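run15.txt, holding compact mmCIF, C-alpha atoms and all ligand atoms:
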# COMPACT_ATOMS: atom_id res chain seq x y z
CA MET A 1 -44.98 70.32 -6.25
CA ARG A 2 -45.03 66.98 -7.96
CA ARG A 3 -43.00 66.41 -11.06
CA LEU A 4 -43.10 63.71 -13.64
CA ALA A 5 -39.78 63.61 -15.41
CA LEU A 6 -40.11 62.06 -18.82
CA LEU A 7 -37.41 59.98 -20.41
CA PRO A 8 -34.11 61.71 -20.95
CA LEU A 9 -33.62 61.48 -24.70
CA LEU A 10 -30.82 62.08 -27.12
CA LEU A 11 -32.71 64.11 -29.62
CA VAL A 12 -36.39 64.01 -29.56
CA SER A 13 -39.59 65.18 -31.02
CA ALA A 14 -42.56 64.01 -29.09
CA PHE A 15 -46.18 64.39 -28.25
CA LEU A 16 -47.44 63.26 -24.87
CA VAL A 17 -50.71 61.45 -25.31
CA PRO A 18 -53.15 60.11 -22.76
CA ALA A 19 -52.85 56.46 -21.83
CA GLN A 20 -55.28 54.17 -23.60
CA ALA A 21 -57.19 52.41 -20.88
CA ALA A 22 -60.19 50.16 -20.58
CA TYR A 23 -61.59 52.26 -17.75
CA ALA A 24 -62.63 55.85 -18.12
CA ALA A 25 -59.23 57.46 -17.92
CA THR A 26 -58.70 61.13 -17.31
CA ASN A 27 -55.79 62.68 -19.09
CA LEU A 28 -54.04 64.47 -16.26
CA ALA A 29 -51.35 65.81 -18.57
CA THR A 30 -53.49 68.68 -19.79
CA SER A 31 -53.72 70.15 -16.26
CA ALA A 32 -49.93 70.28 -15.85
CA THR A 33 -47.43 72.92 -16.85
CA PRO A 34 -44.93 71.68 -19.43
CA SER A 35 -41.27 72.63 -19.51
CA ALA A 36 -38.22 71.31 -21.32
CA SER A 37 -34.46 71.60 -21.59
CA TYR A 38 -34.83 73.24 -24.99
CA THR A 39 -37.50 73.79 -27.59
CA SER A 40 -36.75 74.56 -31.23
CA PRO A 41 -38.18 77.94 -32.25
CA TRP A 42 -40.59 76.30 -34.69
CA GLU A 43 -41.78 73.71 -32.16
CA SER A 44 -43.94 74.12 -29.09
CA VAL A 45 -43.42 72.93 -25.55
CA ALA A 46 -47.19 73.21 -25.11
CA ALA A 47 -47.57 70.32 -27.56
CA LEU A 48 -46.35 68.01 -24.80
CA ASN A 49 -49.71 68.11 -23.04
CA ASP A 50 -52.25 69.72 -25.36
CA GLY A 51 -54.26 66.49 -25.42
CA ILE A 52 -53.95 66.04 -29.18
CA ASP A 53 -53.33 62.45 -30.22
CA PRO A 54 -51.42 62.69 -33.52
CA PRO A 55 -52.90 60.51 -36.27
CA ARG A 56 -49.51 59.19 -37.39
CA SER A 57 -45.84 59.45 -36.59
CA ASN A 58 -45.05 61.80 -39.47
CA ASP A 59 -47.97 64.10 -38.69
CA THR A 60 -47.07 67.67 -39.58
CA ALA A 61 -50.49 69.24 -39.03
CA ASN A 62 -50.41 69.24 -35.24
CA ARG A 63 -47.78 71.07 -33.22
CA ARG A 64 -45.14 69.07 -31.39
CA TRP A 65 -42.20 69.49 -29.09
CA GLY A 66 -38.70 69.04 -30.50
CA THR A 67 -35.11 70.00 -29.80
CA TRP A 68 -33.55 69.98 -33.25
CA PRO A 69 -30.69 70.71 -33.79
CA ASP A 70 -29.70 70.40 -30.13
CA THR A 71 -28.13 67.03 -29.40
CA GLY A 72 -27.12 65.34 -26.19
CA ALA A 73 -29.44 64.59 -23.30
CA GLN A 74 -32.72 66.48 -23.40
CA TRP A 75 -35.59 66.43 -20.96
CA ALA A 76 -39.24 67.35 -20.76
CA GLU A 77 -41.26 67.78 -17.59
CA LEU A 78 -44.85 68.15 -16.52
CA THR A 79 -45.47 69.97 -13.25
CA TRP A 80 -48.73 69.86 -11.29
CA GLY A 81 -49.83 72.13 -8.51
CA GLY A 82 -50.43 69.19 -6.17
CA ALA A 83 -50.03 65.46 -5.80
CA GLN A 84 -51.43 63.32 -8.65
CA THR A 85 -51.90 59.59 -9.04
CA LEU A 86 -50.71 58.44 -12.44
CA ARG A 87 -51.62 55.04 -13.81
CA ALA A 88 -49.67 55.31 -17.05
CA ALA A 89 -47.64 57.65 -19.20
CA GLU A 90 -46.96 57.40 -22.89
CA VAL A 91 -44.74 59.30 -25.27
CA TYR A 92 -45.49 59.45 -28.98
CA PHE A 93 -42.40 59.95 -31.11
CA PHE A 94 -42.32 61.98 -34.26
CA ALA A 95 -40.64 60.15 -37.16
CA ASP A 96 -40.03 62.15 -40.31
CA GLY A 97 -37.30 59.99 -41.79
CA GLY A 98 -34.82 62.58 -40.59
CA GLY A 99 -32.95 62.88 -37.33
CA THR A 100 -35.41 61.28 -34.98
CA PRO A 101 -34.53 57.76 -33.90
CA GLY A 102 -35.23 55.17 -36.55
CA ALA A 103 -37.22 52.04 -36.14
CA TRP A 104 -34.75 49.16 -36.11
CA ASN A 105 -36.97 46.66 -34.39
CA PRO A 106 -36.67 43.21 -35.93
CA PRO A 107 -38.26 40.29 -34.09
CA ALA A 108 -35.89 39.20 -31.31
CA ASN A 109 -35.15 35.86 -32.96
CA LEU A 110 -33.88 37.59 -36.11
CA VAL A 111 -31.37 39.92 -34.46
CA THR A 112 -28.55 37.35 -34.30
CA PRO A 113 -28.94 35.96 -37.83
CA LEU A 114 -29.27 39.49 -39.25
CA ASN A 115 -26.06 40.53 -37.56
CA GLU A 116 -24.37 37.40 -38.89
CA VAL A 117 -25.52 38.28 -42.41
CA TRP A 118 -24.25 41.82 -42.18
CA GLN A 119 -20.87 40.74 -40.83
CA HIS A 120 -20.65 38.25 -43.69
CA VAL A 121 -21.54 40.97 -46.21
CA GLU A 122 -18.93 43.34 -44.80
CA SER A 123 -16.20 40.70 -44.86
CA THR A 124 -17.12 39.42 -48.33
CA TYR A 125 -17.55 42.84 -49.98
CA PRO A 126 -15.01 45.21 -48.44
CA ASP A 127 -15.97 47.91 -50.99
CA LEU A 128 -19.65 47.74 -50.21
CA TYR A 129 -19.75 51.23 -48.72
CA GLY A 130 -17.96 52.68 -51.73
CA PHE A 131 -20.09 51.02 -54.35
CA ARG A 132 -22.70 53.43 -55.71
CA ASN A 133 -24.95 51.47 -58.01
CA TYR A 134 -27.18 49.41 -55.79
CA GLY A 135 -30.90 49.47 -56.44
CA TRP A 136 -30.93 51.85 -53.46
CA ASP A 137 -28.74 54.35 -55.30
CA GLN A 138 -30.93 54.07 -58.37
CA VAL A 139 -34.22 54.61 -56.57
CA MET A 140 -32.82 57.53 -54.59
CA ALA A 141 -31.29 59.13 -57.70
CA ASN A 142 -34.71 59.01 -59.37
CA ARG A 143 -36.42 60.28 -56.22
CA GLY A 144 -38.57 57.22 -55.83
CA SER A 145 -39.01 55.41 -59.12
CA ILE A 146 -37.10 52.92 -61.25
CA ASN A 147 -36.70 52.67 -65.03
CA TYR A 148 -36.23 49.39 -66.83
CA CYS A 149 -35.24 48.38 -70.34
CA VAL A 150 -36.16 44.91 -71.60
CA ARG A 151 -33.50 42.91 -73.43
CA TRP A 152 -35.56 40.52 -75.53
CA ASP A 153 -33.01 37.77 -76.05
CA SER A 154 -35.30 35.50 -78.03
CA SER A 155 -36.45 34.97 -81.59
CA ALA A 156 -40.11 34.93 -80.51
CA THR A 157 -42.50 37.71 -81.37
CA VAL A 158 -44.08 39.95 -78.71
CA THR A 159 -47.56 41.49 -78.96
CA ALA A 160 -48.48 44.83 -77.45
CA ALA A 161 -50.60 42.96 -74.93
CA GLN A 162 -47.64 40.79 -73.92
CA ARG A 163 -45.47 43.88 -73.63
CA ASP A 164 -47.95 45.39 -71.20
CA GLN A 165 -48.30 42.14 -69.26
CA ILE A 166 -44.53 41.89 -68.93
CA HIS A 167 -44.44 45.43 -67.56
CA ALA A 168 -47.28 44.70 -65.15
CA ALA A 169 -45.69 41.49 -63.90
CA LEU A 170 -42.32 43.18 -63.44
CA ALA A 171 -43.94 46.02 -61.52
CA ARG A 172 -45.88 43.62 -59.29
CA GLN A 173 -42.73 41.75 -58.33
CA PHE A 174 -40.73 44.93 -57.72
CA LYS A 175 -43.56 46.21 -55.55
CA LYS A 176 -43.22 43.19 -53.27
CA TRP A 177 -39.73 44.29 -52.29
CA MET A 178 -40.61 47.95 -52.02
CA ASP A 179 -43.66 47.23 -49.87
CA VAL A 180 -41.23 45.80 -47.33
CA MET A 181 -39.70 49.26 -47.02
CA ALA A 182 -42.84 51.40 -46.95
CA GLY A 183 -43.02 53.25 -43.65
CA HIS A 184 -39.87 51.60 -42.31
CA ASN A 185 -36.99 53.43 -40.64
CA GLY A 186 -37.24 56.66 -42.55
CA TRP A 187 -37.60 55.09 -46.01
CA PRO A 188 -39.13 58.00 -47.85
CA TYR A 189 -41.31 56.31 -50.45
CA SER A 190 -44.67 54.63 -49.98
CA THR A 191 -44.51 53.32 -53.54
CA VAL A 192 -41.72 53.02 -56.09
CA PRO A 193 -43.26 52.98 -59.56
CA VAL A 194 -41.64 50.87 -62.27
CA LYS A 195 -41.44 52.37 -65.72
CA VAL A 196 -40.37 50.35 -68.75
CA VAL A 197 -38.76 52.90 -71.00
CA GLY A 198 -37.32 50.68 -73.72
CA TRP A 199 -37.01 47.34 -75.45
CA ALA A 200 -33.97 45.90 -77.18
CA VAL A 201 -34.52 43.32 -79.88
CA ARG A 202 -32.65 41.73 -82.77
CA ASP A 203 -35.32 42.43 -85.40
CA ARG A 204 -37.85 45.24 -85.09
CA ALA A 205 -40.48 43.04 -86.74
CA GLN A 206 -40.51 40.81 -83.64
CA LEU A 207 -42.21 43.60 -81.69
CA GLN A 208 -45.77 43.72 -82.95
CA TRP A 209 -46.67 47.24 -82.00
CA SER A 210 -46.26 50.48 -83.85
CA ASP A 211 -46.87 53.01 -81.07
CA SER A 212 -43.96 54.90 -79.57
CA SER A 213 -44.71 54.21 -75.91
CA VAL A 214 -41.25 52.72 -75.40
CA ASP A 215 -37.89 53.35 -77.02
CA ILE A 216 -36.82 50.49 -79.26
CA TYR A 217 -33.19 49.50 -79.77
CA VAL A 218 -32.55 47.17 -82.69
CA ASN A 219 -29.65 44.75 -83.13
CA ASP A 220 -27.25 46.42 -80.70
CA ILE A 221 -25.63 43.15 -79.67
CA ARG A 222 -23.61 42.86 -76.46
CA GLU A 223 -22.89 39.63 -74.59
CA ASN A 224 -24.48 37.93 -77.59
CA ALA A 225 -27.84 39.52 -76.78
CA PRO A 226 -29.76 42.66 -77.73
CA GLN A 227 -28.79 45.57 -75.52
CA CYS A 228 -30.50 48.88 -74.82
CA ALA A 229 -28.34 51.88 -75.71
CA GLU A 230 -25.39 52.22 -73.37
CA PRO A 231 -25.61 56.03 -73.22
CA CYS A 232 -29.02 55.56 -71.58
CA GLY A 233 -27.98 52.90 -69.09
CA ARG A 234 -27.21 53.60 -65.44
CA PHE A 235 -24.66 50.75 -65.38
CA PHE A 236 -22.63 52.65 -67.98
CA ASN A 237 -23.30 56.10 -66.50
CA GLN A 238 -23.03 55.70 -62.77
CA SER A 239 -22.73 59.43 -62.28
CA GLY A 240 -26.45 59.44 -63.02
CA THR A 241 -26.20 61.79 -66.00
CA TYR A 242 -27.08 60.74 -69.52
CA PRO A 243 -25.84 63.46 -71.88
CA ASP A 244 -25.77 61.16 -74.92
CA CYS A 245 -29.03 59.33 -74.32
CA PRO A 246 -31.44 60.03 -77.20
CA GLY A 247 -34.46 61.67 -75.64
CA GLY A 248 -32.52 62.74 -72.57
CA ALA A 249 -32.33 61.58 -68.99
CA SER A 250 -36.03 60.73 -68.76
CA HIS A 251 -35.35 57.93 -71.25
CA HIS A 252 -32.56 56.43 -69.18
CA TYR A 253 -32.86 52.95 -67.69
CA ASP A 254 -31.55 51.92 -64.29
CA MET A 255 -31.88 48.19 -64.74
CA SER A 256 -32.28 45.72 -67.56
CA LEU A 257 -34.79 42.91 -67.53
CA TRP A 258 -32.87 40.42 -69.63
CA LEU A 259 -35.14 37.68 -70.92
CA THR A 260 -33.24 34.85 -72.57
CA ALA A 261 -34.81 31.97 -74.48
CA GLY A 262 -33.86 28.57 -73.08
CA PHE A 263 -32.29 30.04 -69.95
CA GLY A 264 -33.07 27.95 -66.92
CA GLY A 265 -31.65 29.84 -63.99
CA GLY A 266 -31.27 33.44 -63.09
CA ALA A 267 -28.74 36.18 -62.56
CA GLY A 268 -29.02 39.51 -60.85
CA GLY A 269 -26.94 42.50 -59.95
CA ASP A 270 -26.79 46.25 -60.11
CA TRP A 271 -27.33 46.00 -63.87
CA GLY A 272 -30.69 44.26 -63.46
CA GLN A 273 -31.99 40.72 -63.68
CA ARG A 274 -31.71 37.90 -66.19
CA ILE A 275 -34.21 35.05 -66.31
CA GLY A 276 -35.60 32.70 -68.93
CA SER A 277 -38.06 34.27 -71.37
CA GLU A 278 -40.26 31.15 -71.39
CA TYR A 279 -40.22 31.03 -67.60
CA PHE A 280 -41.27 34.66 -67.32
CA ILE A 281 -43.95 34.48 -70.02
CA GLY A 282 -45.27 31.30 -68.42
CA ASN A 283 -45.53 32.99 -65.03
CA LEU A 284 -46.89 36.42 -65.94
CA ASN A 285 -49.90 35.94 -63.71
CA ALA A 286 -48.11 34.11 -60.91
CA ASP A 287 -48.27 35.74 -57.51
CA ASN A 288 -44.57 35.13 -56.88
CA ILE A 289 -42.22 34.91 -59.85
CA HIS A 290 -39.66 33.66 -57.42
CA ILE A 291 -36.56 33.52 -59.60
CA LEU A 292 -37.15 37.14 -60.60
CA LEU A 293 -37.78 38.09 -56.97
CA HIS A 294 -34.54 36.42 -55.90
CA GLU A 295 -32.54 38.21 -58.60
CA MET A 296 -34.13 41.54 -57.66
CA GLY A 297 -32.87 40.90 -54.15
CA HIS A 298 -29.34 40.80 -55.56
CA SER A 299 -29.92 44.15 -57.26
CA PHE A 300 -30.48 45.62 -53.78
CA GLY A 301 -27.32 44.01 -52.47
CA LEU A 302 -28.71 40.86 -50.90
CA ASP A 303 -26.29 37.95 -51.07
CA ASP A 304 -26.62 34.25 -51.88
CA PHE A 305 -26.43 31.56 -49.22
CA TYR A 306 -24.83 28.68 -51.06
CA ASP A 307 -22.42 27.66 -48.30
CA TRP A 308 -23.88 28.81 -45.00
CA THR A 309 -27.14 29.45 -43.22
CA PRO A 310 -27.73 32.14 -40.60
CA THR A 311 -28.58 30.91 -37.10
CA GLY A 312 -32.11 29.66 -36.73
CA GLN A 313 -33.08 30.16 -40.37
CA CYS A 314 -33.96 27.36 -42.71
CA CYS A 315 -35.89 28.74 -45.62
CA PHE A 316 -35.94 32.08 -47.28
CA LEU A 317 -35.98 33.47 -50.81
CA MET A 318 -32.31 34.45 -50.96
CA LYS A 319 -31.34 30.90 -50.02
CA ALA A 320 -32.09 29.61 -53.48
CA GLY A 321 -34.48 26.69 -53.64
CA SER A 322 -35.70 26.97 -50.04
CA ALA A 323 -38.58 29.44 -50.46
CA THR A 324 -40.66 30.90 -53.29
CA SER A 325 -41.66 34.22 -51.77
CA ILE A 326 -40.16 37.02 -49.70
CA THR A 327 -40.06 35.81 -46.10
CA ASP A 328 -39.77 37.83 -42.92
CA PHE A 329 -36.07 37.13 -42.88
CA ASP A 330 -35.66 38.33 -46.48
CA ALA A 331 -37.62 41.45 -45.59
CA TRP A 332 -35.40 42.21 -42.62
CA MET A 333 -32.25 41.61 -44.64
CA LEU A 334 -33.48 44.20 -47.13
CA ARG A 335 -34.25 46.63 -44.30
CA ASP A 336 -30.79 45.99 -42.88
CA TRP A 337 -29.25 47.20 -46.12
CA TRP A 338 -31.22 50.41 -45.81
CA ARG A 339 -30.17 50.75 -42.18
CA HIS A 340 -26.52 50.59 -43.20
CA LEU A 341 -26.70 52.65 -46.40
CA LYS A 342 -29.25 55.32 -45.62
CA SER A 343 -26.75 57.81 -44.20
CA ARG A 344 -25.24 58.18 -47.67
CA TYR A 345 -28.53 59.74 -48.77
CA GLY A 346 -28.75 62.04 -45.76
CA TYR A 347 -31.19 59.87 -43.79
ZN ZN B 401 -28.70 34.23 -56.26

I need this file expressed as structure tokens, please.
Amino acid sequence: MRRLALLPLLLVSAFLVPAQAAYAATNLATSATPSASYTSPWESVAALNDGIDPPRSNDTANRRWGTWPDTGAQWAELTWGGAQTLRAAEVYFFADGGGTPGAWNPPANLVTPLNEVWQHVESTYPDLYGFRNYGWDQVMANRGSINYCVRWDSSATVTAAQRDQIHAALARQFKKWMDVMAGHNGWPYSTVPVKVVGWAVRDRAQLQWSDSSVDIYVNDIRENAPQCAEPCGRFFNQSGTYPDCPGGASHHYDMSLWLTAGFGGGAGGDWGQRIGSEYFIGNLNADNIHILLHEMGHSFGLDDFYDWTPTGQCCFLMKAGSATSITDFDAWMLRDWWRHLKSRYGY
């Protein structure tokens, strides 16, 4: 009897697949008898060596072996009737965004600076695990979308075409951050659509459309700027319910896009992003509207780097002025936030 003991694993779902080889390999697994420490009633120990190569890690069409909810060391074994020569063995892990091990696999050179960033975040924001209005909380509360309201803090007029271009540009920038998360470490959404539900303006006549595609809030002035109705805003209703929002919860907004005439810099937080209206209008077709991208990073918790730089890093979007697009390091900082927050959503 010859046994191949597979990796002892903490909690696994796996398919055993034949090794990919340049020569004509024979998959010996299918001639073995599979056994395991435990198999969930809805799983199949026979999936270990049925020869099926799953098309993707969250494949639910093909059977698989799994031990949920058993934890602790688990094992799987293939037993042959006689001696075999094995050139390779591979295990394919199931990843459903649930209990199977997540993919925290940054490039080796980013591990140290990422850990430095997270330690800095934890020491700077001791309440970070209690705070419940990050962009993460908003996207999860909406089950994978985000609603915006535009604060038009300008005396300029806006055409319907400009309104739609502003929405499109906002959505394109938001997508750049969300694309970083797609398929990563259990993040459940392949896309996170952006909906613009409202506009706030001083004078209704500035908005040169008559359709009712967005809610319009007129001359509700806060912080010396037009504001979308507070009963509809997530910032003001962090429980995520909007009982006094005209039109109901579907008309709520999670973030504001605050566009201010003559404003040169940017600001961002859980409430949304503020940038110059001329800057945004002048960059509607730009690939990277980098000030907006930077401020969106803040809405997902990413910090500034005014007074320090993580080891080995020179230039990245969240270090203002050093990059104009989302870099690998920015992407991994975003993923690190998800790594540390995802348990609050049951992931
Ligand atoms: Zn900043």

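Our summary of the geometry notes that atom CA of A:Ala36 is positioned 4.1 Å from atom CA of A:Ala76.
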
Please identify all protein, DNA and RNA residues within 12 Å of ligand ZN 401 (chain B), counting all atoms listed in the file, and report them as a PyMOL selection string. chain A and resi 265-269+273-275+290-306+316-322

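Going from atom CA of A:Pro188 over to atom CA of A:Arg344, you cover 13.9 Å.
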
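The smallest atom-to-atom distance between A:Trp332 and any of A:Ile289, A:Gln227, A:Thr33, A:Trp118, using all atoms listed in the file, is found for A:Trp118.
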
Nearby residues (all atoms listed in the file) at most 10 Å from A:Met181, same-chain spacing under 3 positions excluded, as number ranges by chain: A: 175-178, 184-191, 331-332, 334-335, 338

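Distance-wise, atom CA of A:Ser37 and atom CA of A:Arg87 end up 25.1 Å apart.
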
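Here the question is which of A:Asn288, A:Trp337, A:Pro193, A:Phe236 gets nearest to A:Ala323 using all atoms listed in the file, and that residue is A:Asn288.
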
Could you list, as a VMD selection string, every residue within 6 Å of A:Gly144, counting only C-alpha atoms and ignoring same-chain residues fewer than 3 positions away? chain A and resid 139 to 140 192

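Counting all atoms listed in the file and comparing A:Gln84, A:Gln74, A:Gln162, A:Ser239, the residue that lies closest to A:Ser31 is A:Gln84.
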
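Using only C-alpha atoms, the contacts of A:Ser154 at a cut-off of 8 Å, with sequence neighbours closer than 6 positions omitted, comprise Leu259, Thr260, Ala261 and Ser277 of chain A.
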
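If all atoms listed in the file are the atoms counted, then among A:Tyr129, A:Trp65, A:Trp271, A:Tyr148 the closest residue to A:Val197 is A:Tyr148.
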
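The smallest atom-to-atom distance between A:Asp254 and any of A:Glu223, A:Asp153, A:Asp137, A:Asp307, using all atoms listed in the file, is found for A:Asp137.
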
Shell of 12 Å around A:Ala156, only C-alpha atoms, local chain residues under 4 positions omitted, as a list in words: Trp152, Gln162, Val201, Arg202, Asp203, Arg204, Ala205, Gln206, Leu207, Gln208, Leu259, Thr260, Ala261, Gly262, Ser277, Glu278 and Ile281 of chain A

Please, what is the axis-aligned box for every listed atom of stretch 262-278 of chain A with 3 Å on each side, as centre and edge lengths in Å to one decimal, as lines of an AutoDock Vina configuration file?
center_x = -33.5
center_y = 37.1
center_z = -66.5
size_x = 19.5
size_y = 24.3
size_z = 19.1

Please rebuild stretch 205-223 of chain A with N, CA and C atoms and give the result as a PDB file, in the coordinates of the input.
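Listing of part_17.pdb after writing:
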ATOM      1  N   ALA A 205     -39.220  43.694 -86.370  1.00  0.00           N
ATOM      2  CA  ALA A 205     -40.480  43.040 -86.740  1.00  0.00           C
ATOM      3  C   ALA A 205     -40.957  42.075 -85.647  1.00  0.00           C
ATOM      4  N   GLN A 206     -40.073  41.691 -84.728  1.00  0.00           N
ATOM      5  CA  GLN A 206     -40.510  40.810 -83.640  1.00  0.00           C
ATOM      6  C   GLN A 206     -41.491  41.520 -82.699  1.00  0.00           C
ATOM      7  N   LEU A 207     -41.363  42.828 -82.612  1.00  0.00           N
ATOM      8  CA  LEU A 207     -42.210  43.600 -81.690  1.00  0.00           C
ATOM      9  C   LEU A 207     -43.431  44.079 -82.459  1.00  0.00           C
ATOM     10  N   GLN A 208     -44.582  43.529 -82.105  1.00  0.00           N
ATOM     11  CA  GLN A 208     -45.770  43.720 -82.950  1.00  0.00           C
ATOM     12  C   GLN A 208     -46.606  44.903 -82.473  1.00  0.00           C
ATOM     13  N   TRP A 209     -45.936  46.011 -82.265  1.00  0.00           N
ATOM     14  CA  TRP A 209     -46.670  47.240 -82.000  1.00  0.00           C
ATOM     15  C   TRP A 209     -45.995  48.369 -82.774  1.00  0.00           C
ATOM     16  N   SER A 210     -46.797  49.373 -83.076  1.00  0.00           N
ATOM     17  CA  SER A 210     -46.260  50.480 -83.850  1.00  0.00           C
ATOM     18  C   SER A 210     -46.255  51.793 -83.063  1.00  0.00           C
ATOM     19  N   ASP A 211     -46.857  51.758 -81.839  1.00  0.00           N
ATOM     20  CA  ASP A 211     -46.870  53.010 -81.070  1.00  0.00           C
ATOM     21  C   ASP A 211     -45.465  53.299 -80.534  1.00  0.00           C
ATOM     22  N   SER A 212     -45.300  54.490 -80.027  1.00  0.00           N
ATOM     23  CA  SER A 212     -43.960  54.900 -79.570  1.00  0.00           C
ATOM     24  C   SER A 212     -43.909  55.008 -78.046  1.00  0.00           C
ATOM     25  N   SER A 213     -44.654  54.128 -77.370  1.00  0.00           N
ATOM     26  CA  SER A 213     -44.710  54.210 -75.910  1.00  0.00           C
ATOM     27  C   SER A 213     -43.398  53.831 -75.246  1.00  0.00           C
ATOM     28  N   VAL A 214     -42.583  53.043 -75.927  1.00  0.00           N
ATOM     29  CA  VAL A 214     -41.250  52.720 -75.400  1.00  0.00           C
ATOM     30  C   VAL A 214     -40.211  52.961 -76.490  1.00  0.00           C
ATOM     31  N   ASP A 215     -38.983  53.255 -76.056  1.00  0.00           N
ATOM     32  CA  ASP A 215     -37.890  53.350 -77.020  1.00  0.00           C
ATOM     33  C   ASP A 215     -37.540  51.939 -77.481  1.00  0.00           C
ATOM     34  N   ILE A 216     -37.160  51.812 -78.730  1.00  0.00           N
ATOM     35  CA  ILE A 216     -36.820  50.490 -79.260  1.00  0.00           C
ATOM     36  C   ILE A 216     -35.392  50.543 -79.813  1.00  0.00           C
ATOM     37  N   TYR A 217     -34.588  49.611 -79.342  1.00  0.00           N
ATOM     38  CA  TYR A 217     -33.190  49.500 -79.770  1.00  0.00           C
ATOM     39  C   TYR A 217     -33.037  48.209 -80.554  1.00  0.00           C
ATOM     40  N   VAL A 218     -32.573  48.324 -81.803  1.00  0.00           N
ATOM     41  CA  VAL A 218     -32.550  47.170 -82.690  1.00  0.00           C
ATOM     42  C   VAL A 218     -31.125  46.721 -82.977  1.00  0.00           C
ATOM     43  N   ASN A 219     -30.887  45.430 -82.718  1.00  0.00           N
ATOM     44  CA  ASN A 219     -29.650  44.750 -83.130  1.00  0.00           C
ATOM     45  C   ASN A 219     -28.372  45.408 -82.605  1.00  0.00           C
ATOM     46  N   ASP A 220     -28.452  45.965 -81.413  1.00  0.00           N
ATOM     47  CA  ASP A 220     -27.250  46.420 -80.700  1.00  0.00           C
ATOM     48  C   ASP A 220     -26.854  45.249 -79.810  1.00  0.00           C
ATOM     49  N   ILE A 221     -25.905  44.436 -80.301  1.00  0.00           N
ATOM     50  CA  ILE A 221     -25.630  43.150 -79.670  1.00  0.00           C
ATOM     51  C   ILE A 221     -24.435  43.252 -78.722  1.00  0.00           C
ATOM     52  N   ARG A 222     -24.673  42.954 -77.459  1.00  0.00           N
ATOM     53  CA  ARG A 222     -23.610  42.860 -76.460  1.00  0.00           C
ATOM     54  C   ARG A 222     -23.847  41.566 -75.683  1.00  0.00           C
ATOM     55  N   GLU A 223     -22.749  40.906 -75.317  1.00  0.00           N
ATOM     56  CA  GLU A 223     -22.890  39.630 -74.590  1.00  0.00           C
ATOM     57  C   GLU A 223     -23.779  38.671 -75.373  1.00  0.00           C
TER      58      GLU A 223
END
